[in-house]
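S.K.: Okay, so here is final_27.csv, and as you'll see once you scroll down, it has CSV, C-alpha atoms.
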```csv
chain,number,residue,atom,x,y,z
A,1,MET,CA,-26.4,10.5,-13.1
A,2,LEU,CA,-23.6,12.6,-14.7
A,3,ASP,CA,-22.2,13.1,-11.2
A,4,LEU,CA,-22.1,9.4,-10.6
A,5,ILE,CA,-20.2,8.7,-13.8
A,6,THR,CA,-17.6,11.4,-13.2
A,7,ASN,CA,-17.2,10.1,-9.6
A,8,PHE,CA,-16.8,6.6,-11.0
A,9,MET,CA,-14.2,7.6,-13.4
A,10,PHE,CA,-12.2,9.8,-11.1
A,11,ALA,CA,-12.1,7.1,-8.3
A,12,ALA,CA,-11.2,4.5,-10.8
A,13,PHE,CA,-8.3,6.5,-12.2
A,14,ALA,CA,-7.1,7.4,-8.7
A,15,SER,CA,-6.8,3.7,-7.9
A,16,THR,CA,-5.2,2.8,-11.2
A,17,GLY,CA,-2.5,5.4,-10.8
A,18,PHE,CA,-1.6,4.1,-7.4
A,19,ALA,CA,-1.7,0.5,-8.6
A,20,MET,CA,0.9,1.5,-11.2
A,21,LEU,CA,3.0,3.1,-8.4
A,22,PHE,CA,3.0,-0.3,-6.7
A,23,ASN,CA,3.9,-2.0,-10.0
A,24,VAL,CA,0.8,-4.1,-10.2
A,25,PRO,CA,1.0,-6.4,-13.2
A,26,LYS,CA,-0.8,-5.2,-16.4
A,27,TYR,CA,-3.5,-7.8,-16.4
A,28,ALA,CA,-4.5,-6.9,-12.8
A,29,LEU,CA,-4.8,-3.2,-13.5
A,30,ILE,CA,-8.3,-3.5,-14.8
A,31,TYR,CA,-9.5,-5.0,-11.4
A,32,CYS,CA,-7.9,-2.1,-9.5
A,33,PHE,CA,-9.7,0.3,-11.9
A,34,PHE,CA,-13.1,-1.2,-11.0
A,35,GLY,CA,-12.1,-1.8,-7.4
A,36,GLY,CA,-11.4,1.9,-6.8
A,37,ALA,CA,-14.7,2.8,-8.5
A,38,ILE,CA,-16.7,0.3,-6.5
A,39,SER,CA,-15.2,1.3,-3.2
A,40,HIS,CA,-15.9,5.0,-3.7
A,41,ILE,CA,-19.4,4.5,-5.1
A,42,THR,CA,-20.4,2.2,-2.3
A,43,ARG,CA,-19.3,4.7,0.3
A,44,GLU,CA,-21.2,7.5,-1.4
A,45,PHE,CA,-24.2,5.3,-1.7
A,46,PHE,CA,-24.4,4.4,2.0
A,47,MET,CA,-23.5,7.9,3.1
A,48,TYR,CA,-26.1,9.8,1.0
A,49,GLY,CA,-28.6,7.0,0.3
A,50,PHE,CA,-28.9,5.7,3.9
A,51,ASN,CA,-27.5,8.6,5.8
A,52,PHE,CA,-24.9,6.3,7.5
A,53,SER,CA,-21.9,8.0,9.1
A,54,ILE,CA,-18.7,8.2,7.0
A,55,GLU,CA,-16.9,5.7,9.2
A,56,PHE,CA,-19.5,3.1,8.9
A,57,SER,CA,-19.9,3.6,5.2
A,58,THR,CA,-16.2,3.3,4.8
A,59,PHE,CA,-16.2,0.1,6.8
A,60,ILE,CA,-18.9,-1.4,4.6
A,61,SER,CA,-17.2,-0.5,1.3
A,62,ALA,CA,-13.8,-1.7,2.5
A,63,THR,CA,-15.4,-5.0,3.5
A,64,LEU,CA,-17.0,-5.3,0.1
A,65,ILE,CA,-13.6,-4.7,-1.5
A,66,GLY,CA,-12.2,-7.5,0.7
A,67,VAL,CA,-14.9,-9.9,-0.4
A,68,ILE,CA,-14.6,-9.0,-4.1
A,69,ALA,CA,-10.8,-9.3,-4.0
A,70,PHE,CA,-11.2,-12.8,-2.6
A,71,TYR,CA,-13.1,-13.9,-5.7
A,72,PHE,CA,-10.8,-12.0,-8.1
A,73,SER,CA,-7.7,-13.6,-6.5
A,74,ARG,CA,-9.1,-17.1,-6.7
A,75,LYS,CA,-9.9,-16.6,-10.4
A,76,ASN,CA,-6.5,-15.1,-11.4
A,77,VAL,CA,-4.2,-16.7,-8.8
A,78,ILE,CA,-3.0,-13.4,-7.4
A,79,PRO,CA,-2.4,-12.4,-3.8
A,80,ARG,CA,-5.3,-10.2,-2.5
A,81,PRO,CA,-3.4,-7.1,-1.3
A,82,VAL,CA,-2.5,-6.5,-5.0
A,83,TYR,CA,-6.1,-5.5,-5.5
A,84,THR,CA,-7.2,-4.3,-2.1
A,85,VAL,CA,-4.5,-1.7,-1.3
A,86,ALA,CA,-5.0,0.1,-4.6
A,87,SER,CA,-8.8,-0.1,-4.4
A,88,ILE,CA,-9.1,1.6,-1.1
A,89,ILE,CA,-7.0,4.7,-2.1
A,90,PRO,CA,-10.2,6.8,-2.8
A,91,LEU,CA,-11.3,6.2,0.7
A,92,ILE,CA,-8.2,7.6,2.4
A,93,PRO,CA,-9.2,10.6,4.7
A,94,GLY,CA,-6.5,12.9,3.2
A,95,THR,CA,-8.1,16.2,4.0
A,96,TYR,CA,-9.0,15.3,7.5
A,97,ALA,CA,-5.5,14.1,8.3
A,98,PHE,CA,-4.0,17.1,6.7
A,99,THR,CA,-6.1,19.5,8.6
A,100,ALA,CA,-5.4,17.8,11.8
A,101,MET,CA,-1.6,18.1,11.2
A,102,ILE,CA,-1.9,21.8,10.2
A,103,THR,CA,-3.9,22.7,13.3
A,104,LEU,CA,-1.4,20.9,15.4
A,105,VAL,CA,1.4,23.1,14.0
A,106,ASP,CA,-0.8,26.1,14.3
A,107,MET,CA,-1.4,25.4,18.0
A,108,ASN,CA,2.4,25.2,18.5
A,109,SER,CA,3.1,28.6,16.8
A,110,HIS,CA,0.0,30.6,17.8
A,111,GLY,CA,-0.8,29.3,21.2
A,112,ILE,CA,-3.5,26.8,22.2
A,113,ASN,CA,-7.1,28.0,22.1
A,114,PRO,CA,-10.4,26.2,22.3
A,115,GLU,CA,-11.3,26.6,18.6
A,116,LEU,CA,-8.0,25.1,17.3
A,117,THR,CA,-8.2,22.3,19.9
A,118,ALA,CA,-11.7,21.4,18.8
A,119,LEU,CA,-10.7,21.5,15.2
A,120,PHE,CA,-7.7,19.3,15.8
A,121,LEU,CA,-9.6,16.7,17.8
A,122,GLU,CA,-12.4,16.6,15.4
A,123,ASN,CA,-10.2,16.0,12.3
A,124,PHE,CA,-7.8,13.7,14.1
A,125,LEU,CA,-10.6,11.4,15.4
A,126,LYS,CA,-12.3,11.4,12.0
A,127,SER,CA,-9.1,10.4,10.2
A,128,VAL,CA,-8.1,7.8,12.8
A,129,SER,CA,-11.5,6.2,12.8
A,130,ILE,CA,-11.8,6.1,9.0
A,131,LEU,CA,-8.3,4.6,8.7
A,132,GLY,CA,-9.3,2.0,11.3
A,133,ALA,CA,-12.5,1.3,9.4
A,134,ILE,CA,-10.5,0.7,6.2
A,135,SER,CA,-8.0,-1.6,7.7
A,136,PHE,CA,-10.6,-3.7,9.6
A,137,GLY,CA,-12.8,-3.8,6.6
A,138,ILE,CA,-10.1,-5.2,4.4
A,139,ALA,CA,-8.9,-7.7,7.0
A,140,LEU,CA,-12.3,-9.0,7.9
A,141,PRO,CA,-13.0,-11.2,4.9
A,142,SER,CA,-9.6,-12.9,5.0
A,143,LEU,CA,-10.1,-13.5,8.8
A,144,TYR,CA,-13.4,-15.2,8.0
A,145,PHE,CA,-11.7,-17.6,5.6
A,146,ILE,CA,-8.7,-18.3,7.7
A,147,ARG,CA,-10.4,-21.0,9.9
A,148,HIS,CA,-10.5,-23.4,7.0
A,149,LYS,CA,-6.9,-24.0,7.6
A,150,LYS,CA,-6.0,-24.2,4.0
A,151,PRO,CA,-4.4,-21.7,1.6
A,152,ILE,CA,-6.9,-19.3,0.0
A,153,LEU,CA,-5.3,-19.5,-3.4
B,154,MET,CA,17.3,-37.4,1.2
B,155,THR,CA,21.0,-36.4,1.2
B,156,TYR,CA,22.1,-33.5,3.2
B,157,GLU,CA,23.4,-31.7,0.1
B,158,ARG,CA,20.1,-31.9,-1.7
B,159,GLN,CA,18.2,-30.7,1.4
B,160,THR,CA,20.5,-27.8,1.7
B,161,LYS,CA,19.9,-26.9,-1.9
B,162,ILE,CA,16.2,-27.1,-1.5
B,163,THR,CA,16.4,-24.9,1.7
B,164,ARG,CA,18.4,-22.3,-0.2
B,165,VAL,CA,15.8,-22.1,-3.0
B,166,ILE,CA,12.9,-21.8,-0.5
B,167,ILE,CA,14.5,-19.0,1.5
B,168,LYS,CA,15.4,-17.2,-1.7
B,169,ALA,CA,11.8,-17.2,-2.7
B,170,ALA,CA,10.7,-16.1,0.8
B,171,VAL,CA,13.2,-13.3,1.0
B,172,LEU,CA,12.1,-12.0,-2.4
B,173,MET,CA,8.5,-12.0,-1.4
B,174,LEU,CA,9.1,-10.2,1.9
B,175,GLU,CA,11.4,-7.6,0.2
B,176,HIS,CA,8.8,-6.6,-2.3
B,177,GLY,CA,6.0,-6.1,0.1
B,178,ALA,CA,4.0,-9.4,0.5
B,179,GLU,CA,2.2,-9.9,3.8
B,180,SER,CA,3.7,-12.4,6.3
B,181,ILE,CA,1.1,-15.1,5.9
B,182,LEU,CA,1.8,-15.2,2.2
B,183,VAL,CA,5.5,-15.5,2.8
B,184,GLU,CA,5.0,-18.4,5.2
B,185,GLN,CA,2.5,-20.2,3.0
B,186,THR,CA,4.8,-19.8,-0.1
B,187,ALA,CA,7.7,-21.3,1.8
B,188,GLN,CA,5.7,-24.2,3.1
B,189,ARG,CA,4.0,-25.0,-0.2
B,190,LEU,CA,7.3,-24.8,-2.1
B,191,GLY,CA,8.9,-27.1,0.5
B,192,LYS,CA,6.1,-29.7,0.1
B,193,ALA,CA,6.4,-29.5,-3.7
B,194,LEU,CA,10.1,-30.0,-3.6
B,195,GLY,CA,9.9,-33.0,-1.3
B,196,VAL,CA,10.8,-31.9,2.3
B,197,ARG,CA,8.4,-33.0,5.0
B,198,SER,CA,7.9,-29.6,6.7
B,199,VAL,CA,9.1,-26.1,6.6
B,200,GLU,CA,9.1,-23.8,9.6
B,201,VAL,CA,9.5,-20.1,9.2
B,202,SER,CA,10.3,-17.4,11.7
B,203,LEU,CA,9.8,-13.9,10.5
B,204,ILE,CA,11.1,-10.6,12.0
B,205,PRO,CA,11.0,-7.4,10.0
B,206,SER,CA,14.7,-7.5,9.1
B,207,ALA,CA,15.4,-11.2,8.6
B,208,ILE,CA,14.0,-14.6,7.9
B,209,VAL,CA,15.0,-17.8,9.7
B,210,LEU,CA,13.9,-21.0,7.9
B,211,SER,CA,14.2,-24.7,8.8
B,212,THR,CA,13.4,-27.7,6.7
B,213,LEU,CA,12.8,-31.2,8.0
B,214,ASP,CA,13.0,-34.3,5.9
B,215,GLU,CA,11.4,-37.6,6.7
B,216,ASN,CA,14.3,-38.8,8.8
B,217,ARG,CA,14.1,-35.6,10.9
B,218,GLN,CA,17.3,-34.3,9.3
B,219,SER,CA,17.1,-30.5,9.7
B,220,VAL,CA,18.7,-27.7,7.8
B,221,THR,CA,18.4,-24.2,9.1
B,222,THR,CA,19.4,-21.0,7.4
B,223,THR,CA,19.0,-17.2,8.0
B,224,ARG,CA,18.9,-14.4,5.5
B,225,ARG,CA,18.8,-10.6,6.0
B,226,VAL,CA,15.9,-8.8,4.4
B,227,HIS,CA,16.5,-5.4,2.8
B,228,HIS,CA,13.2,-3.7,2.2
B,229,LYS,CA,12.9,-2.5,-1.4
B,230,ALA,CA,10.2,-0.5,-3.2
B,231,ILE,CA,6.8,-2.2,-3.2
B,232,ASN,CA,6.6,-4.3,-6.3
B,233,MET,CA,3.5,-6.4,-6.7
B,234,SER,CA,4.4,-7.9,-10.1
B,235,MET,CA,7.4,-9.7,-8.4
B,236,VAL,CA,5.0,-11.1,-5.8
B,237,CYS,CA,2.5,-12.3,-8.4
B,238,ASP,CA,5.2,-13.9,-10.5
B,239,LEU,CA,6.7,-15.7,-7.5
B,240,GLN,CA,3.3,-17.0,-6.6
B,241,LYS,CA,2.9,-18.3,-10.2
B,242,ILE,CA,6.2,-20.2,-10.0
B,243,VAL,CA,5.2,-21.8,-6.7
B,244,ILE,CA,1.8,-22.9,-8.0
B,245,ASP,CA,3.3,-24.2,-11.2
B,246,THR,CA,5.8,-26.2,-9.3
B,247,GLU,CA,3.1,-27.6,-7.1
B,248,LYS,CA,0.7,-28.5,-9.9
B,249,ASN,CA,3.2,-30.1,-12.3
B,250,SER,CA,5.6,-31.3,-9.6
B,251,TYR,CA,8.6,-29.7,-11.3
B,252,ASP,CA,12.0,-30.2,-9.7
B,253,ILE,CA,14.3,-27.8,-8.0
B,254,GLU,CA,16.0,-26.7,-11.3
B,255,PHE,CA,12.8,-25.2,-12.6
B,256,VAL,CA,12.3,-23.1,-9.4
B,257,LYS,CA,16.0,-22.0,-9.5
B,258,LYS,CA,15.7,-20.9,-13.1
B,259,GLY,CA,12.4,-19.2,-12.5
B,260,LEU,CA,13.8,-17.2,-9.6
B,261,LYS,CA,16.8,-16.2,-11.6
B,262,GLU,CA,14.7,-15.0,-14.5
B,263,LEU,CA,12.3,-13.0,-12.3
B,264,LYS,CA,12.3,-9.4,-13.6
B,265,PRO,CA,10.2,-6.7,-12.0
B,266,ASN,CA,7.7,-5.3,-14.5
B,267,TYR,CA,8.5,-1.7,-14.6
B,268,TYR,CA,6.1,0.6,-16.3
B,269,ASN,CA,7.5,3.5,-18.4
B,270,ARG,CA,8.6,6.1,-15.9
B,271,TRP,CA,6.9,9.0,-17.7
B,272,LEU,CA,3.7,7.0,-17.8
B,273,ILE,CA,3.9,6.6,-14.0
B,274,VAL,CA,4.6,10.3,-13.5
B,275,LEU,CA,1.5,11.2,-15.6
B,276,MET,CA,-0.7,8.5,-14.0
B,277,VAL,CA,0.3,9.3,-10.5
B,278,GLY,CA,-0.3,13.0,-11.1
B,279,PHE,CA,-3.7,12.3,-12.6
B,280,ALA,CA,-4.5,9.9,-9.7
B,281,CYS,CA,-3.8,12.6,-7.1
B,282,ALA,CA,-5.7,15.1,-9.1
B,283,SER,CA,-8.6,12.7,-9.3
B,284,PHE,CA,-8.4,12.2,-5.5
B,285,ALA,CA,-8.7,16.0,-5.2
B,286,VAL,CA,-11.8,16.0,-7.3
B,287,LEU,CA,-13.4,13.3,-5.1
B,288,GLN,CA,-12.8,15.6,-2.2
B,289,GLY,CA,-14.6,18.4,-4.0
B,290,ALA,CA,-11.9,20.4,-5.9
B,291,ASN,CA,-12.7,22.6,-8.9
B,292,LEU,CA,-10.9,22.7,-12.2
B,293,ILE,CA,-8.1,25.1,-11.2
B,294,SER,CA,-7.4,23.0,-8.1
B,295,PHE,CA,-7.4,19.9,-10.2
B,296,LEU,CA,-4.7,21.4,-12.5
B,297,ILE,CA,-2.5,22.6,-9.7
B,298,THR,CA,-2.7,19.2,-8.0
B,299,PHE,CA,-1.8,17.5,-11.2
B,300,ILE,CA,1.3,19.6,-11.8
B,301,ALA,CA,2.5,19.4,-8.2
B,302,SER,CA,2.1,15.7,-7.8
B,303,SER,CA,3.5,14.8,-11.2
B,304,PHE,CA,6.6,16.9,-10.3
B,305,GLY,CA,6.7,15.2,-6.9
B,306,MET,CA,6.6,11.8,-8.5
B,307,PHE,CA,9.4,12.8,-10.8
B,308,ILE,CA,11.5,13.9,-7.9
B,309,ARG,CA,10.7,10.7,-6.0
B,310,GLN,CA,11.9,8.6,-9.0
B,311,GLU,CA,15.1,10.7,-9.3
B,312,LEU,CA,15.9,10.2,-5.6
B,313,SER,CA,15.1,6.5,-5.7
B,314,LYS,CA,17.5,6.1,-8.6
B,315,ARG,CA,20.2,7.6,-6.5
B,316,ASN,CA,19.4,5.0,-3.8
B,317,PHE,CA,18.6,7.4,-1.0
B,318,VAL,CA,17.0,6.2,2.3
B,319,GLN,CA,13.2,6.1,2.0
B,320,ILE,CA,12.8,8.6,4.8
B,321,ILE,CA,14.8,11.2,2.9
B,322,ILE,CA,13.0,10.5,-0.3
B,323,PHE,CA,9.6,11.0,1.4
B,324,GLY,CA,10.7,14.2,3.2
B,325,VAL,CA,12.2,15.9,0.2
B,326,THR,CA,9.3,14.9,-2.1
B,327,ALA,CA,6.8,16.3,0.4
B,328,PHE,CA,8.8,19.5,0.6
B,329,SER,CA,8.8,20.0,-3.1
B,330,VAL,CA,5.2,19.0,-3.7
B,331,THR,CA,4.0,21.4,-1.0
B,332,SER,CA,6.1,24.2,-2.4
B,333,ILE,CA,4.6,23.8,-5.8
B,334,SER,CA,1.0,23.2,-4.7
B,335,SER,CA,1.1,26.4,-2.6
B,336,ILE,CA,0.7,28.2,-5.9
B,337,SER,CA,-2.9,27.7,-5.2
B,338,TYR,CA,-2.8,30.6,-2.7
B,339,LEU,CA,-2.4,32.9,-5.6
B,340,PHE,CA,-5.7,31.8,-7.1
B,341,PRO,CA,-8.6,33.0,-4.9
B,342,SER,CA,-11.0,30.4,-6.4
B,343,ALA,CA,-8.8,27.4,-5.7
B,344,ASN,CA,-9.6,25.1,-2.7
B,345,THR,CA,-6.2,25.4,-1.1
B,346,ASN,CA,-6.7,22.9,1.7
B,347,ILE,CA,-7.8,20.2,-0.7
B,348,VAL,CA,-4.9,20.9,-3.1
B,349,LEU,CA,-2.3,20.8,-0.4
B,350,ALA,CA,-3.8,17.6,1.1
B,351,SER,CA,-4.3,15.7,-2.2
B,352,SER,CA,-1.0,16.5,-3.8
B,353,VAL,CA,0.9,14.6,-1.1
B,354,ILE,CA,-1.4,11.6,-1.3
B,355,LEU,CA,1.2,9.9,-3.4
B,356,LEU,CA,3.4,9.6,-0.3
B,357,VAL,CA,0.8,7.7,1.8
B,358,PRO,CA,2.5,4.5,2.9
B,359,GLY,CA,-0.6,2.5,2.2
B,360,PHE,CA,1.0,-0.9,1.8
B,361,ALA,CA,2.9,-0.6,5.1
B,362,PHE,CA,-0.2,0.2,7.1
B,363,VAL,CA,-2.5,-2.3,5.4
B,364,ASN,CA,0.1,-5.0,5.7
B,365,SER,CA,0.8,-4.2,9.3
B,366,PHE,CA,-2.9,-4.6,10.1
B,367,LEU,CA,-3.3,-7.8,8.2
B,368,ASP,CA,-0.1,-9.3,9.8
B,369,ALA,CA,-1.1,-8.3,13.3
B,370,LEU,CA,-4.7,-9.7,12.9
B,371,LYS,CA,-3.3,-13.0,11.6
B,372,GLY,CA,-1.0,-13.5,14.4
B,373,TYR,CA,2.3,-12.1,13.2
B,374,LEU,CA,2.5,-9.5,15.9
B,375,SER,CA,6.1,-8.5,15.7
B,376,MET,CA,5.9,-8.1,11.9
B,377,GLY,CA,2.8,-6.0,12.4
B,378,TRP,CA,4.6,-3.7,14.8
B,379,GLY,CA,7.6,-3.4,12.5
B,380,ARG,CA,5.5,-2.5,9.5
B,381,TRP,CA,3.5,-0.1,11.5
B,382,LEU,CA,6.6,1.7,12.7
B,383,GLU,CA,7.8,1.8,9.1
B,384,GLY,CA,4.6,3.4,8.0
B,385,THR,CA,4.6,5.9,10.9
B,386,LEU,CA,8.2,7.0,10.2
B,387,LEU,CA,7.4,7.6,6.6
B,388,THR,CA,4.3,9.6,7.5
B,389,VAL,CA,6.4,11.7,10.0
B,390,ALA,CA,9.0,12.3,7.3
B,391,THR,CA,6.2,13.5,5.0
B,392,SER,CA,4.7,15.8,7.6
B,393,ILE,CA,8.1,17.3,8.4
B,394,GLY,CA,8.6,18.0,4.7
B,395,ILE,CA,5.2,19.6,4.4
B,396,ILE,CA,5.6,21.8,7.5
B,397,LEU,CA,9.1,22.8,6.4
B,398,ALA,CA,7.8,24.0,3.1
B,399,MET,CA,5.0,25.9,4.6
B,400,THR,CA,7.3,27.6,7.1
B,401,VAL,CA,9.8,28.5,4.4
B,402,LEU,CA,7.0,30.0,2.2
B,403,ASN,CA,5.5,31.6,5.3
B,404,ILE,CA,2.0,30.4,4.5
B,405,LYS,CA,-0.5,31.3,7.2
B,406,GLY,CA,1.9,33.6,8.9
B,407,TRP,CA,4.1,30.9,10.5
```
What would you get if you wrote out this structure as structure tokens?
M.R.:
Amino acid sequence: MLDLITNFMFAAFASTGFAMLFNVPKYALIYCFFGGAISHITREFFMYGFNFSIEFSTFISATLIGVIAFYFSRKNVIPRPVYTVASIIPLIPGTYAFTAMITLVDMNSHGINPELTALFLENFLKSVSILGAISFGIALPSLYFIRHKKPIL
Amino acid sequence: MTYERQTKITRVIIKAAVLMLEHGAESILVEQTAQRLGKALGVRSVEVSLIPSAIVLSTLDENRQSVTTTRRVHHKAINMSMVCDLQKIVIDTEKNSYDIEFVKKGLKELKPNYYNRWLIVLMVGFACASFAVLQGANLISFLITFIASSFGMFIRQELSKRNFVQIIIFGVTAFSVTSISSISYLFPSANTNIVLASSVILLVPGFAFVNSFLDALKGYLSMGWGRWLEGTLLTVATSIGIILAMTVLNIKGW
């Protein structure tokens, strides 16, 4: 339980910090705060509760953020990316992408060997698929609503 | 509608569209804003053509009189408060059927909502450190990440103030962030990989990539490619900064 609360707070603050970097208006910050927490908690929930893979859990939580942002944006008359981009910050596969890059440089300077190649491919594929899951997850809800041929706001 | 009046309306509409695109709105929002503003101000239709570096916009009135104009777009720092305020102006105009002077005045008075720069430095540092914790960092890693990325944010602000190109800003910031966060090699208990990875998270071009995907999936393919390239270039600049710092400090025996 304590773990859940600390995770909640840290994910929320990570999102809020990035929201301020993007100059999100003050009244929208609180939504980014909860958005980040929701995205992270949802992913953890599906990963450890249901034993889903990290990519699929990421996809679900990004989709959820897209749907929630849709309602927030209608309520407050604010474009959706304002919430969504800050909210998905806790999902970014930072360590995977970093390791992939480092191993690539390592292979260049120390010669290519099977271990490094495997490490690189593993991390590269993970980061690419997680990034793909995030972007498709965010885009999906707005694609669903686009057929109505009228502005969402 | 007289030609002069239509020209005036077209100018206001393209001003709004340029501001939106410059501050990081997605393409569908730019187009919708232009069209709704056009309807509200009384032209029959507004057609927009978007490429990453410019906007071409035509308005048609009921007599098929057409006014076309082009503006160059200079991409600025992402600023969502500008986008939100613009959206508000458009919706106000639509609802209360205000005239062109209201929109003109609103656009002139638009001011980006800047937070206190030290608050941003602290918050971004804390955000990167929180990200490190989510990846499984311990207390000492948390502190190092906090220091490194706060300092990185400070450098980024200083470079932005001097109007450098984004690529240089990202590269230099990545270099300094990595140099500082490599202190973690001195502490045996620190999670070095997590520290190094999380402290450069503040340079992830999230908006560029998300917008590129949203644009491409909604049919603005050229905009999608443009933004994707923008994001990739910034990522490459960041990677070069990181690699340079690690080579200089001779981490891992490079």
S.K.: Smallest atom-to-atom distance to B:Asn403: which of B:Thr385, B:Ser335, B:Val243, B:Leu356, using all atoms listed in the file?
M.R.: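 Among the listed residues, B:Ser335 lies closest to B:Asn403.
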S.K.: Rounded to one decimal place, report the atom CA of B:Ser250-atom CA of B:Leu194 distance in Å.
M.R.: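 Result for atom CA of B:Ser250 versus atom CA of B:Leu194: 7.6 Å, one decimal.
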S.K.: Can you work out the spacing between atom CA of A:Phe59 and atom CA of A:Phe136 in Å, to one decimal?
M.R.: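 Pair atom CA of A:Phe59 / atom CA of A:Phe136 returns 7.3 Å.
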S.K.: Separation of atom CA of A:Lys26 and atom CA of B:Leu272, in Å?
M.R.: 13.1 Å
S.K.: Output, as JSON, the centre and edge lengths in Å (one decimal) of the axis-aligned box that contains all listed atoms of stretch 99-113 of chain A with 8 Å of margin on each side.
M.R.:
```
{"center_x": -2.0, "center_y": 24.2, "center_z": 15.4, "size_x": 26.2, "size_y": 28.8, "size_z": 29.6}
```
